[in-house]
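What follows is a single structure, written as structure tokens, with notes after it.
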Amino acid sequence: MNSENKGRPVNNAGRPPFLSETEKDLVRLANEPGFARWLEQIKSAGGCAHPIYLSGRTTTANASGNLLRHYDTKTEPGGRLAVRCRNRRETRCQPCSYQHSGDTFHLVRAGLLGGKEIPESVTKSPRLFVTLTAPSFGAVHRVTNGGPCRPHRDTRPCEHGRPRDCGRSHTPDDPDAGQPLCGRCYDYASHVLWHAHAGELWSRTTRAIRRHLATAGGLTQSRLHEHARVSFAKVAEYQRRGAVHFHAVVRLDGPQGPGTPPPDWASAALLATAVRSAVKAVQAPMAHVPALGDRTAVWGSQIDVHTIRGPLGGPTTEQAVAAYIAKYVSKSAADAGGLDHPVTSPGEISLAPVPAHLRALMGTCWRLGGLNELQHLRLRPWTHTLGYRGHVLTKSRRYSTTYRALRDARTAHQQPAETPDPADETETVSQWRYVGSGHTAGEALISLGIAEDLATVREIARERRRGERQ
């Protein structure tokens, strides 16, 4: 054996082992002249799993033409700059989804406690936390943690020979939880079409709440804005059965929005009554398909309405509600066992590693998307979301701040101390272009390590704060 190979592991042929592709890429990166600067970029991006690379420059000058700041990516490794992908889905990029969840927390919290240019007087406004579910499209196995799943006096099987009852107890990790008792009895078409019209149903619901509130206050709907304004913020979540349900904050302000007190007759109890009656009454007609018949979108029978109270008012506090909504904003259909990326053919659906129930929903979505009468619903591009194409979080304009305002504030905070005088008029000229995205195998491994280190630091900080509070 060659003396220079002593102490190194060897393969069966007595030769030093070959490096894997990832190891080769790590060696290449370590020998790149700009490796240290690239590492700084990825750390600044929080260990983003799929960074966007930009090339360009930005120049800031005052009204006199004096140069205040100039940056050019020519000095960066490869002449490009890595920035966050800002994907909200945890399954796609954990670091960016964590940041997006944090922004959502502050956005929702500001509408409940004030801050971010929202007055603290919103704490005195009637506020509700509402959960709306999809209707039943067929019996599914339920998570019971002890009790029977579906006890049924009628022990006769359904028309397809499947039992109508289930005496088992399902835990959250039971693969049968959320699956239909009989797939042939399940109304997959209505499930998909309800998803496609859930956005319209929510829009009609917000208008119905205002209408019912005006009636309760002895006003016409057209004059409600002269006395009060209703604001909303909602997030969509996928249940185990693959159906979307909504968690929403409903706030009642004065005529000018936050900062003005609501009328004396407005109370949390009155608002809750208006919400319940509106949710039960609202309907949205679905797209007409002769082969399927006329169908109407309505909410499910499970409607939860809780008054949001202060820190000592029980579990439904401002902090708890904001954290609850922020948790679900990073979720997607993949967290219910589905996919987090679009599909382009029926073959992808048949090979998708998803439960049979979700595969049936995706197949139904693809088939319905091929009908001329349903082209406007764009079901095929949204097959991976089971037909739901709404935003994961929506809010009223007056509810609170915006994601853009939060990002701008964070950018301003991270800028160098040598910022121009606010009284001095400045002009910024920027030129940027997209030059690539993603990681090589070695880059992905390093980025993952950075993300894990940052997550560990956050966890240590949280434990320290818990210890200080105790």
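Simple scheme: letters A, B, ... for chains in structure tokens order, numbers from 1 for residues in each chain, numbers from 1 for ligands in the order shown.
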
Can you pull out the residues contacting A:Ser44? Cut-off 12 Å, using only C-alpha atoms, and skip same-chain residues under 2 positions away; I want them as a PDB file with N, CA, C and O atoms, in the first residue's frame.
```
ATOM      1  N   ARG A  37     -17.852  34.926   1.584  1.00  0.00           N
ATOM      2  CA  ARG A  37     -18.900  35.915   1.321  1.00  0.00           C
ATOM      3  C   ARG A  37     -20.215  35.224   0.979  1.00  0.00           C
ATOM      4  O   ARG A  37     -21.280  35.654   1.414  1.00  0.00           O
ATOM      5  N   TRP A  38     -20.154  34.120   0.226  1.00  0.00           N
ATOM      6  CA  TRP A  38     -21.381  33.364  -0.069  1.00  0.00           C
ATOM      7  C   TRP A  38     -22.010  32.855   1.219  1.00  0.00           C
ATOM      8  O   TRP A  38     -23.230  32.875   1.385  1.00  0.00           O
ATOM      9  N   LEU A  39     -21.173  32.394   2.136  1.00  0.00           N
ATOM     10  CA  LEU A  39     -21.674  31.907   3.420  1.00  0.00           C
ATOM     11  C   LEU A  39     -22.380  33.022   4.176  1.00  0.00           C
ATOM     12  O   LEU A  39     -23.424  32.802   4.807  1.00  0.00           O
ATOM     13  N   GLU A  40     -21.863  34.245   4.109  1.00  0.00           N
ATOM     14  CA  GLU A  40     -22.515  35.390   4.746  1.00  0.00           C
ATOM     15  C   GLU A  40     -23.889  35.644   4.127  1.00  0.00           C
ATOM     16  O   GLU A  40     -24.851  35.966   4.831  1.00  0.00           O
ATOM     17  N   GLN A  41     -23.969  35.519   2.805  1.00  0.00           N
ATOM     18  CA  GLN A  41     -25.253  35.723   2.127  1.00  0.00           C
ATOM     19  C   GLN A  41     -26.292  34.712   2.605  1.00  0.00           C
ATOM     20  O   GLN A  41     -27.437  35.075   2.893  1.00  0.00           O
ATOM     21  N   ILE A  42     -25.909  33.437   2.688  1.00  0.00           N
ATOM     22  CA  ILE A  42     -26.857  32.400   3.092  1.00  0.00           C
ATOM     23  C   ILE A  42     -27.254  32.578   4.551  1.00  0.00           C
ATOM     24  O   ILE A  42     -28.409  32.351   4.921  1.00  0.00           O
ATOM     25  N   GLY A  46     -31.031  33.449   6.285  1.00  0.00           N
ATOM     26  CA  GLY A  46     -31.585  32.543   7.289  1.00  0.00           C
ATOM     27  C   GLY A  46     -31.461  31.077   6.941  1.00  0.00           C
ATOM     28  O   GLY A  46     -32.197  30.255   7.480  1.00  0.00           O
ATOM     29  N   GLY A  47     -30.546  30.740   6.019  1.00  0.00           N
ATOM     30  CA  GLY A  47     -30.449  29.344   5.599  1.00  0.00           C
ATOM     31  C   GLY A  47     -31.570  28.944   4.674  1.00  0.00           C
ATOM     32  O   GLY A  47     -32.018  27.786   4.693  1.00  0.00           O
ATOM     33  N   CYS A  48     -32.039  29.879   3.847  1.00  0.00           N
ATOM     34  CA  CYS A  48     -33.145  29.609   2.918  1.00  0.00           C
ATOM     35  C   CYS A  48     -32.866  28.366   2.089  1.00  0.00           C
ATOM     36  O   CYS A  48     -31.763  28.169   1.583  1.00  0.00           O
ATOM     37  N   PRO A  51     -32.918  29.708  -2.299  1.00  0.00           N
ATOM     38  CA  PRO A  51     -32.723  31.154  -2.477  1.00  0.00           C
ATOM     39  C   PRO A  51     -32.867  31.586  -3.931  1.00  0.00           C
ATOM     40  O   PRO A  51     -32.636  30.805  -4.857  1.00  0.00           O
ATOM     41  N   LEU A  81     -26.364  38.019  -5.964  1.00  0.00           N
ATOM     42  CA  LEU A  81     -26.731  38.139  -4.556  1.00  0.00           C
ATOM     43  C   LEU A  81     -27.855  37.169  -4.236  1.00  0.00           C
ATOM     44  O   LEU A  81     -28.855  37.095  -4.972  1.00  0.00           O
ATOM     45  N   ALA A  82     -27.734  36.424  -3.142  1.00  0.00           N
ATOM     46  CA  ALA A  82     -28.768  35.473  -2.718  1.00  0.00           C
ATOM     47  C   ALA A  82     -29.765  36.164  -1.803  1.00  0.00           C
ATOM     48  O   ALA A  82     -29.374  36.827  -0.843  1.00  0.00           O
ATOM     49  N   VAL A  83     -31.046  36.033  -2.116  1.00  0.00           N
ATOM     50  CA  VAL A  83     -32.112  36.577  -1.266  1.00  0.00           C
ATOM     51  C   VAL A  83     -33.104  35.451  -0.955  1.00  0.00           C
ATOM     52  O   VAL A  83     -33.122  34.416  -1.629  1.00  0.00           O
ATOM     53  N   ARG A  84     -33.916  35.657   0.064  1.00  0.00           N
ATOM     54  CA  ARG A  84     -34.881  34.645   0.481  1.00  0.00           C
ATOM     55  C   ARG A  84     -35.898  34.343  -0.616  1.00  0.00           C
ATOM     56  O   ARG A  84     -36.305  35.231  -1.372  1.00  0.00           O
ATOM     57  N   PRO A  95     -37.006  27.897   6.925  1.00  0.00           N
ATOM     58  CA  PRO A  95     -36.617  29.233   7.411  1.00  0.00           C
ATOM     59  C   PRO A  95     -37.552  30.342   6.945  1.00  0.00           C
ATOM     60  O   PRO A  95     -37.928  31.219   7.728  1.00  0.00           O
ATOM     61  N   CYS A  96     -37.936  30.328   5.663  1.00  0.00           N
ATOM     62  CA  CYS A  96     -38.803  31.391   5.153  1.00  0.00           C
ATOM     63  C   CYS A  96     -40.219  31.251   5.701  1.00  0.00           C
ATOM     64  O   CYS A  96     -40.894  32.257   5.956  1.00  0.00           O
ATOM     65  N   THR A 411     -36.457  45.640   6.690  1.00  0.00           N
ATOM     66  CA  THR A 411     -35.357  46.075   5.835  1.00  0.00           C
ATOM     67  C   THR A 411     -34.730  47.348   6.351  1.00  0.00           C
ATOM     68  O   THR A 411     -33.499  47.486   6.392  1.00  0.00           O
ATOM     69  N   GLN A 414     -32.509  46.673   9.267  1.00  0.00           N
ATOM     70  CA  GLN A 414     -31.267  45.973   8.944  1.00  0.00           C
ATOM     71  C   GLN A 414     -30.293  46.826   8.141  1.00  0.00           C
ATOM     72  O   GLN A 414     -29.163  46.407   7.900  1.00  0.00           O
ATOM     73  N   SER A 447     -26.561  25.015   3.806  1.00  0.00           N
ATOM     74  CA  SER A 447     -27.726  25.840   4.127  1.00  0.00           C
ATOM     75  C   SER A 447     -28.589  25.184   5.189  1.00  0.00           C
ATOM     76  O   SER A 447     -29.089  25.844   6.105  1.00  0.00           O
ATOM     77  N   ILE A 450     -27.041  25.706   8.561  1.00  0.00           N
ATOM     78  CA  ILE A 450     -27.268  27.067   9.052  1.00  0.00           C
ATOM     79  C   ILE A 450     -28.682  27.222   9.601  1.00  0.00           C
ATOM     80  O   ILE A 450     -28.892  27.798  10.671  1.00  0.00           O
ATOM     81  N   ALA A 451     -29.653  26.696   8.861  1.00  0.00           N
ATOM     82  CA  ALA A 451     -31.042  26.783   9.315  1.00  0.00           C
ATOM     83  C   ALA A 451     -31.238  26.048  10.634  1.00  0.00           C
ATOM     84  O   ALA A 451     -31.942  26.541  11.534  1.00  0.00           O
ATOM     85  N   LEU A 454     -29.726  28.117  13.502  1.00  0.00           N
ATOM     86  CA  LEU A 454     -30.581  29.250  13.857  1.00  0.00           C
ATOM     87  C   LEU A 454     -31.808  28.789  14.639  1.00  0.00           C
ATOM     88  O   LEU A 454     -32.236  29.445  15.587  1.00  0.00           O
TER      89      LEU A 454
END
```

Write out as a ChimeraX atom specification the residues lying within 10 Å of A:Lys395, counting only C-alpha atoms and excluding same-chain residues fewer than 4 positions away. /A:107-108,231-235,248-250,399-402

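Proximity ranking of A:Asn62, A:Ser121, A:Thr144, A:Ser330 relative to A:Ala236 places A:Ser330 first, based on only C-alpha atoms.
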
Please identify all polymer residues within 6 Å of stretch 293-305 of chain A, counting only C-alpha atoms, omitting same-chain residues fewer than 3 positions from it, and present them as number ranges by chain. A: 129-135, 194, 283-286, 288-290

Can you list, as a PDB file with C-alpha atoms, in the first residue's frame, every protein, DNA or RNA residue that comes within 9 Å of A:Gly436 when you count only C-alpha atoms, leaving out same-chain residues fewer than 4 positions away?
```pdb
ATOM      1  CA  PRO A  51     -32.723  31.154  -2.477  1.00  0.00           C
ATOM      2  CA  ILE A  52     -33.287  33.467  -5.420  1.00  0.00           C
ATOM      3  CA  TYR A  53     -30.135  34.851  -7.041  1.00  0.00           C
ATOM      4  CA  LEU A  54     -30.224  38.390  -8.425  1.00  0.00           C
TER       5      LEU A  54
END
```

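Taking only C-alpha atoms, the non-local environment of A:Thr385 within 8 Å (same-chain residues fewer than 3 positions away omitted) comprises Ser332, Ala333, Gly338, Leu339, Asp340, Trp382, Tyr388 and Arg389 of chain A.
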
Could you take the residues named above and write them with N, CA, C and O atoms, as a PDB file, in the first residue's frame?
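Everything below was put into again-v8.pdb:
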```
ATOM      1  N   SER A 332     -50.118  23.621   4.366  1.00  0.00           N
ATOM      2  CA  SER A 332     -50.688  23.465   3.029  1.00  0.00           C
ATOM      3  C   SER A 332     -51.381  22.118   2.963  1.00  0.00           C
ATOM      4  O   SER A 332     -51.500  21.410   3.970  1.00  0.00           O
ATOM      5  N   ALA A 333     -51.840  21.763   1.767  1.00  0.00           N
ATOM      6  CA  ALA A 333     -52.498  20.468   1.606  1.00  0.00           C
ATOM      7  C   ALA A 333     -51.558  19.321   1.940  1.00  0.00           C
ATOM      8  O   ALA A 333     -52.001  18.233   2.316  1.00  0.00           O
ATOM      9  N   GLY A 338     -51.471  15.538   1.446  1.00  0.00           N
ATOM     10  CA  GLY A 338     -51.508  15.771   0.009  1.00  0.00           C
ATOM     11  C   GLY A 338     -50.178  16.237  -0.548  1.00  0.00           C
ATOM     12  O   GLY A 338     -49.110  15.891  -0.033  1.00  0.00           O
ATOM     13  N   LEU A 339     -50.233  17.053  -1.597  1.00  0.00           N
ATOM     14  CA  LEU A 339     -49.037  17.536  -2.279  1.00  0.00           C
ATOM     15  C   LEU A 339     -48.899  19.038  -2.082  1.00  0.00           C
ATOM     16  O   LEU A 339     -49.884  19.744  -1.890  1.00  0.00           O
ATOM     17  N   ASP A 340     -47.654  19.522  -2.176  1.00  0.00           N
ATOM     18  CA  ASP A 340     -47.416  20.956  -2.078  1.00  0.00           C
ATOM     19  C   ASP A 340     -46.905  21.540  -3.387  1.00  0.00           C
ATOM     20  O   ASP A 340     -46.316  22.612  -3.410  1.00  0.00           O
ATOM     21  N   TRP A 382     -55.138  23.720  -9.966  1.00  0.00           N
ATOM     22  CA  TRP A 382     -55.230  23.673  -8.508  1.00  0.00           C
ATOM     23  C   TRP A 382     -55.615  22.274  -8.024  1.00  0.00           C
ATOM     24  O   TRP A 382     -56.186  22.121  -6.946  1.00  0.00           O
ATOM     25  N   TYR A 388     -59.145  24.083  -4.118  1.00  0.00           N
ATOM     26  CA  TYR A 388     -59.197  25.355  -3.387  1.00  0.00           C
ATOM     27  C   TYR A 388     -58.102  26.268  -3.925  1.00  0.00           C
ATOM     28  O   TYR A 388     -56.928  25.928  -3.898  1.00  0.00           O
ATOM     29  N   ARG A 389     -58.478  27.440  -4.409  1.00  0.00           N
ATOM     30  CA  ARG A 389     -57.504  28.347  -5.014  1.00  0.00           C
ATOM     31  C   ARG A 389     -57.459  29.700  -4.315  1.00  0.00           C
ATOM     32  O   ARG A 389     -56.931  30.676  -4.858  1.00  0.00           O
TER      33      ARG A 389
END
```

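Atom CA of A:Gly102 is positioned 28.0 Å from atom CA of A:Thr205.
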
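The set of residues in stretch 56-116 of chain A assigned to strand (DSSP E or B) by DSSP, using only backbone atoms of this structure, is Gly56, Arg57, Thr58, Thr59, Thr60, Ala61, Asn62, Leu67, Leu68, Arg69, His70, Tyr71, Asp72, Leu81, Ala82, Val83 and Gly115 of chain A.
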
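Using only C-alpha atoms, the nearest neighbour of A:Ala228 within the list A:Pro126, A:Ala189, A:Phe246, A:Met362 is A:Pro126.
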
Backbone-only DSSP, alpha helix (DSSP H) members of stretch 166-238 of chain A, as a PyMOL selection string: chain A and resi 188-196+198-216

File dump, residues just selected, N, CA, C and O atoms, as a compact mmCIF listing (two decimals), in the first residue's frame:
```txt
# COMPACT_ATOMS: atom_id res chain seq x y z
N TYR A 188 -67.51 13.12 -3.96
CA TYR A 188 -66.26 13.78 -4.29
C TYR A 188 -66.48 15.02 -5.16
O TYR A 188 -65.76 16.02 -5.03
N ALA A 189 -67.44 14.99 -6.05
CA ALA A 189 -67.70 16.14 -6.92
C ALA A 189 -68.11 17.35 -6.10
O ALA A 189 -67.61 18.47 -6.32
N SER A 190 -69.01 17.16 -5.13
CA SER A 190 -69.44 18.29 -4.29
C SER A 190 -68.29 18.82 -3.45
O SER A 190 -68.18 20.02 -3.22
N HIS A 191 -67.43 17.91 -2.98
CA HIS A 191 -66.28 18.32 -2.18
C HIS A 191 -65.38 19.26 -3.01
O HIS A 191 -65.01 20.35 -2.54
N VAL A 192 -65.03 18.86 -4.21
CA VAL A 192 -64.16 19.67 -5.06
C VAL A 192 -64.83 20.99 -5.43
O VAL A 192 -64.21 22.06 -5.38
N LEU A 193 -66.10 20.94 -5.81
CA LEU A 193 -66.80 22.17 -6.21
C LEU A 193 -66.98 23.11 -5.02
O LEU A 193 -66.96 24.34 -5.18
N TRP A 194 -67.16 22.56 -3.82
CA TRP A 194 -67.26 23.42 -2.64
C TRP A 194 -65.95 24.17 -2.43
O TRP A 194 -65.95 25.36 -2.13
N HIS A 195 -64.83 23.48 -2.59
CA HIS A 195 -63.53 24.14 -2.49
C HIS A 195 -63.42 25.27 -3.51
O HIS A 195 -62.91 26.35 -3.20
N ALA A 196 -63.86 25.02 -4.73
CA ALA A 196 -63.74 26.01 -5.79
C ALA A 196 -64.59 27.24 -5.52
O ALA A 196 -64.30 28.33 -6.02
N ALA A 198 -65.43 28.20 -2.23
CA ALA A 198 -65.28 28.60 -0.84
C ALA A 198 -64.96 30.09 -0.72
O ALA A 198 -65.42 30.75 0.22
N GLY A 199 -64.19 30.63 -1.66
CA GLY A 199 -63.89 32.05 -1.62
C GLY A 199 -65.13 32.91 -1.79
O GLY A 199 -65.32 33.91 -1.08
N GLU A 200 -65.99 32.54 -2.72
CA GLU A 200 -67.24 33.27 -2.92
C GLU A 200 -68.15 33.12 -1.72
O GLU A 200 -68.83 34.08 -1.31
N LEU A 201 -68.17 31.94 -1.11
CA LEU A 201 -68.99 31.73 0.08
C LEU A 201 -68.51 32.61 1.22
O LEU A 201 -69.33 33.19 1.94
N TRP A 202 -67.20 32.74 1.39
CA TRP A 202 -66.67 33.62 2.44
C TRP A 202 -67.02 35.08 2.16
O TRP A 202 -67.40 35.82 3.07
N SER A 203 -66.90 35.51 0.90
CA SER A 203 -67.23 36.88 0.55
C SER A 203 -68.70 37.18 0.85
O SER A 203 -69.04 38.24 1.41
N ARG A 204 -69.58 36.26 0.51
CA ARG A 204 -71.00 36.45 0.82
C ARG A 204 -71.24 36.44 2.32
O ARG A 204 -72.15 37.13 2.81
N THR A 205 -70.44 35.67 3.05
CA THR A 205 -70.61 35.60 4.50
C THR A 205 -70.27 36.94 5.15
O THR A 205 -70.97 37.40 6.05
N THR A 206 -69.18 37.57 4.71
CA THR A 206 -68.81 38.87 5.29
C THR A 206 -69.89 39.91 5.03
O THR A 206 -70.19 40.74 5.90
N ARG A 207 -70.48 39.88 3.84
CA ARG A 207 -71.56 40.82 3.55
C ARG A 207 -72.79 40.49 4.37
O ARG A 207 -73.49 41.40 4.85
N ALA A 208 -73.06 39.20 4.56
CA ALA A 208 -74.23 38.80 5.36
C ALA A 208 -74.06 39.20 6.82
O ALA A 208 -75.03 39.59 7.47
N ILE A 209 -72.85 39.10 7.35
CA ILE A 209 -72.62 39.52 8.73
C ILE A 209 -72.93 41.00 8.90
O ILE A 209 -73.58 41.41 9.88
N ARG A 210 -72.49 41.81 7.97
CA ARG A 210 -72.79 43.25 8.05
C ARG A 210 -74.30 43.49 7.94
O ARG A 210 -74.84 44.34 8.65
N ARG A 211 -74.94 42.72 7.07
CA ARG A 211 -76.39 42.90 6.91
C ARG A 211 -77.14 42.51 8.17
O ARG A 211 -78.03 43.23 8.63
N HIS A 212 -76.79 41.37 8.78
CA HIS A 212 -77.46 40.93 10.00
C HIS A 212 -77.14 41.84 11.17
O HIS A 212 -77.98 42.07 12.04
N LEU A 213 -75.92 42.39 11.19
CA LEU A 213 -75.55 43.31 12.27
C LEU A 213 -76.34 44.61 12.15
O LEU A 213 -76.80 45.17 13.16
N ALA A 214 -76.51 45.09 10.93
CA ALA A 214 -77.30 46.31 10.73
C ALA A 214 -78.75 46.08 11.18
O ALA A 214 -79.36 46.95 11.83
N THR A 215 -79.30 44.93 10.85
CA THR A 215 -80.67 44.62 11.27
C THR A 215 -80.78 44.59 12.79
O THR A 215 -81.73 45.11 13.38
N ALA A 216 -79.78 43.98 13.45
CA ALA A 216 -79.80 43.91 14.92
C ALA A 216 -79.68 45.29 15.54
O ALA A 216 -80.22 45.53 16.63
```

Of the candidates A:Asp453, A:Thr273, A:Gly442, A:His100, which one gets nearest to A:Glu21 if we count only C-alpha atoms? A:Gly442

Fewer than 2 positions away in the same chain doesn't count, so skip those; otherwise give me all residues within 9 Å of A:Gly259, counting only C-alpha atoms, as a PDB file with all heavy atoms, in the first residue's frame.
```
ATOM      1  N   ILE A 118     -51.665  50.836  14.411  1.00  0.00           N
ATOM      2  CA  ILE A 118     -53.041  50.552  14.832  1.00  0.00           C
ATOM      3  C   ILE A 118     -53.169  50.979  16.294  1.00  0.00           C
ATOM      4  O   ILE A 118     -52.368  50.568  17.135  1.00  0.00           O
ATOM      5  CB  ILE A 118     -53.379  49.056  14.692  1.00  0.00           C
ATOM      6  CG1 ILE A 118     -53.157  48.595  13.249  1.00  0.00           C
ATOM      7  CG2 ILE A 118     -54.814  48.785  15.120  1.00  0.00           C
ATOM      8  CD1 ILE A 118     -54.023  49.275  12.231  1.00  0.00           C
ATOM      9  N   PRO A 119     -54.149  51.827  16.648  1.00  0.00           N
ATOM     10  CA  PRO A 119     -54.272  52.317  18.029  1.00  0.00           C
ATOM     11  C   PRO A 119     -54.598  51.196  19.013  1.00  0.00           C
ATOM     12  O   PRO A 119     -55.259  50.212  18.659  1.00  0.00           O
ATOM     13  CB  PRO A 119     -55.404  53.339  17.945  1.00  0.00           C
ATOM     14  CG  PRO A 119     -56.189  52.944  16.739  1.00  0.00           C
ATOM     15  CD  PRO A 119     -55.196  52.378  15.769  1.00  0.00           C
ATOM     16  N   GLU A 120     -54.126  51.337  20.234  1.00  0.00           N
ATOM     17  CA  GLU A 120     -54.378  50.333  21.269  1.00  0.00           C
ATOM     18  C   GLU A 120     -55.839  50.279  21.687  1.00  0.00           C
ATOM     19  O   GLU A 120     -56.244  49.343  22.374  1.00  0.00           O
ATOM     20  CB  GLU A 120     -53.506  50.614  22.487  1.00  0.00           C
ATOM     21  CG  GLU A 120     -52.012  50.471  22.217  1.00  0.00           C
ATOM     22  CD  GLU A 120     -51.186  50.712  23.461  1.00  0.00           C
ATOM     23  OE1 GLU A 120     -51.793  50.997  24.527  1.00  0.00           O
ATOM     24  OE2 GLU A 120     -49.947  50.622  23.377  1.00  0.00           O
ATOM     25  N   SER A 121     -56.631  51.251  21.261  1.00  0.00           N
ATOM     26  CA  SER A 121     -58.055  51.261  21.625  1.00  0.00           C
ATOM     27  C   SER A 121     -58.817  50.097  20.999  1.00  0.00           C
ATOM     28  O   SER A 121     -59.964  49.840  21.382  1.00  0.00           O
ATOM     29  CB  SER A 121     -58.699  52.586  21.192  1.00  0.00           C
ATOM     30  OG  SER A 121     -58.553  52.794  19.794  1.00  0.00           O
ATOM     31  N   VAL A 122     -58.203  49.357  20.061  1.00  0.00           N
ATOM     32  CA  VAL A 122     -58.890  48.204  19.475  1.00  0.00           C
ATOM     33  C   VAL A 122     -59.164  47.127  20.526  1.00  0.00           C
ATOM     34  O   VAL A 122     -60.027  46.265  20.330  1.00  0.00           O
ATOM     35  CB  VAL A 122     -58.084  47.594  18.310  1.00  0.00           C
ATOM     36  CG1 VAL A 122     -58.003  48.547  17.133  1.00  0.00           C
ATOM     37  CG2 VAL A 122     -56.695  47.179  18.764  1.00  0.00           C
ATOM     38  N   ASP A 253     -65.583  47.947  14.898  1.00  0.00           N
ATOM     39  CA  ASP A 253     -65.048  49.264  15.238  1.00  0.00           C
ATOM     40  C   ASP A 253     -66.109  50.342  15.024  1.00  0.00           C
ATOM     41  O   ASP A 253     -67.236  50.065  14.588  1.00  0.00           O
ATOM     42  CB  ASP A 253     -63.828  49.588  14.377  1.00  0.00           C
ATOM     43  CG  ASP A 253     -62.711  48.595  14.562  1.00  0.00           C
ATOM     44  OD1 ASP A 253     -62.417  48.242  15.724  1.00  0.00           O
ATOM     45  OD2 ASP A 253     -62.120  48.165  13.541  1.00  0.00           O
ATOM     46  N   GLY A 254     -65.687  51.578  15.303  1.00  0.00           N
ATOM     47  CA  GLY A 254     -66.538  52.725  15.025  1.00  0.00           C
ATOM     48  C   GLY A 254     -66.569  53.057  13.549  1.00  0.00           C
ATOM     49  O   GLY A 254     -65.958  52.358  12.719  1.00  0.00           O
ATOM     50  N   GLN A 256     -65.090  55.167  11.659  1.00  0.00           N
ATOM     51  CA  GLN A 256     -63.825  55.454  10.994  1.00  0.00           C
ATOM     52  C   GLN A 256     -62.827  54.309  11.111  1.00  0.00           C
ATOM     53  O   GLN A 256     -61.650  54.480  10.826  1.00  0.00           O
ATOM     54  CB  GLN A 256     -63.217  56.742  11.565  1.00  0.00           C
ATOM     55  CG  GLN A 256     -64.104  57.957  11.449  1.00  0.00           C
ATOM     56  CD  GLN A 256     -64.519  58.245  10.020  1.00  0.00           C
ATOM     57  OE1 GLN A 256     -63.705  58.125   9.102  1.00  0.00           O
ATOM     58  NE2 GLN A 256     -65.774  58.616   9.821  1.00  0.00           N
ATOM     59  N   GLY A 257     -63.298  53.162  11.570  1.00  0.00           N
ATOM     60  CA  GLY A 257     -62.399  52.020  11.708  1.00  0.00           C
ATOM     61  C   GLY A 257     -61.688  52.033  13.041  1.00  0.00           C
ATOM     62  O   GLY A 257     -62.151  52.623  14.022  1.00  0.00           O
ATOM     63  N   PRO A 261     -64.599  54.494  18.661  1.00  0.00           N
ATOM     64  CA  PRO A 261     -65.381  53.518  19.426  1.00  0.00           C
ATOM     65  C   PRO A 261     -66.634  53.093  18.669  1.00  0.00           C
ATOM     66  O   PRO A 261     -67.244  53.891  17.946  1.00  0.00           O
ATOM     67  CB  PRO A 261     -65.731  54.272  20.702  1.00  0.00           C
ATOM     68  CG  PRO A 261     -65.733  55.717  20.293  1.00  0.00           C
ATOM     69  CD  PRO A 261     -64.655  55.847  19.252  1.00  0.00           C
TER      70      PRO A 261
END
```

May I have the residues within 10 Å of A:Cys185 as JSON, numbers by chain, using only C-alpha atoms and disregarding those fewer than 4 positions away in the same chain? {"A": [137, 138, 139, 158, 159, 160, 162, 180, 181]}

re atom CA of A:Ala272 and atom CA of A:Ala323: distance 22.0 Å

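If you measure from each of A:Asp335, A:Asp154, A:Asp25, A:Asp103 to A:Ala444 using only C-alpha atoms, the closest one turns out to be A:Asp25.
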
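Reported to one decimal place, the separation of atom CA of A:Leu361 from atom CA of A:Val140 is 13.9 Å.
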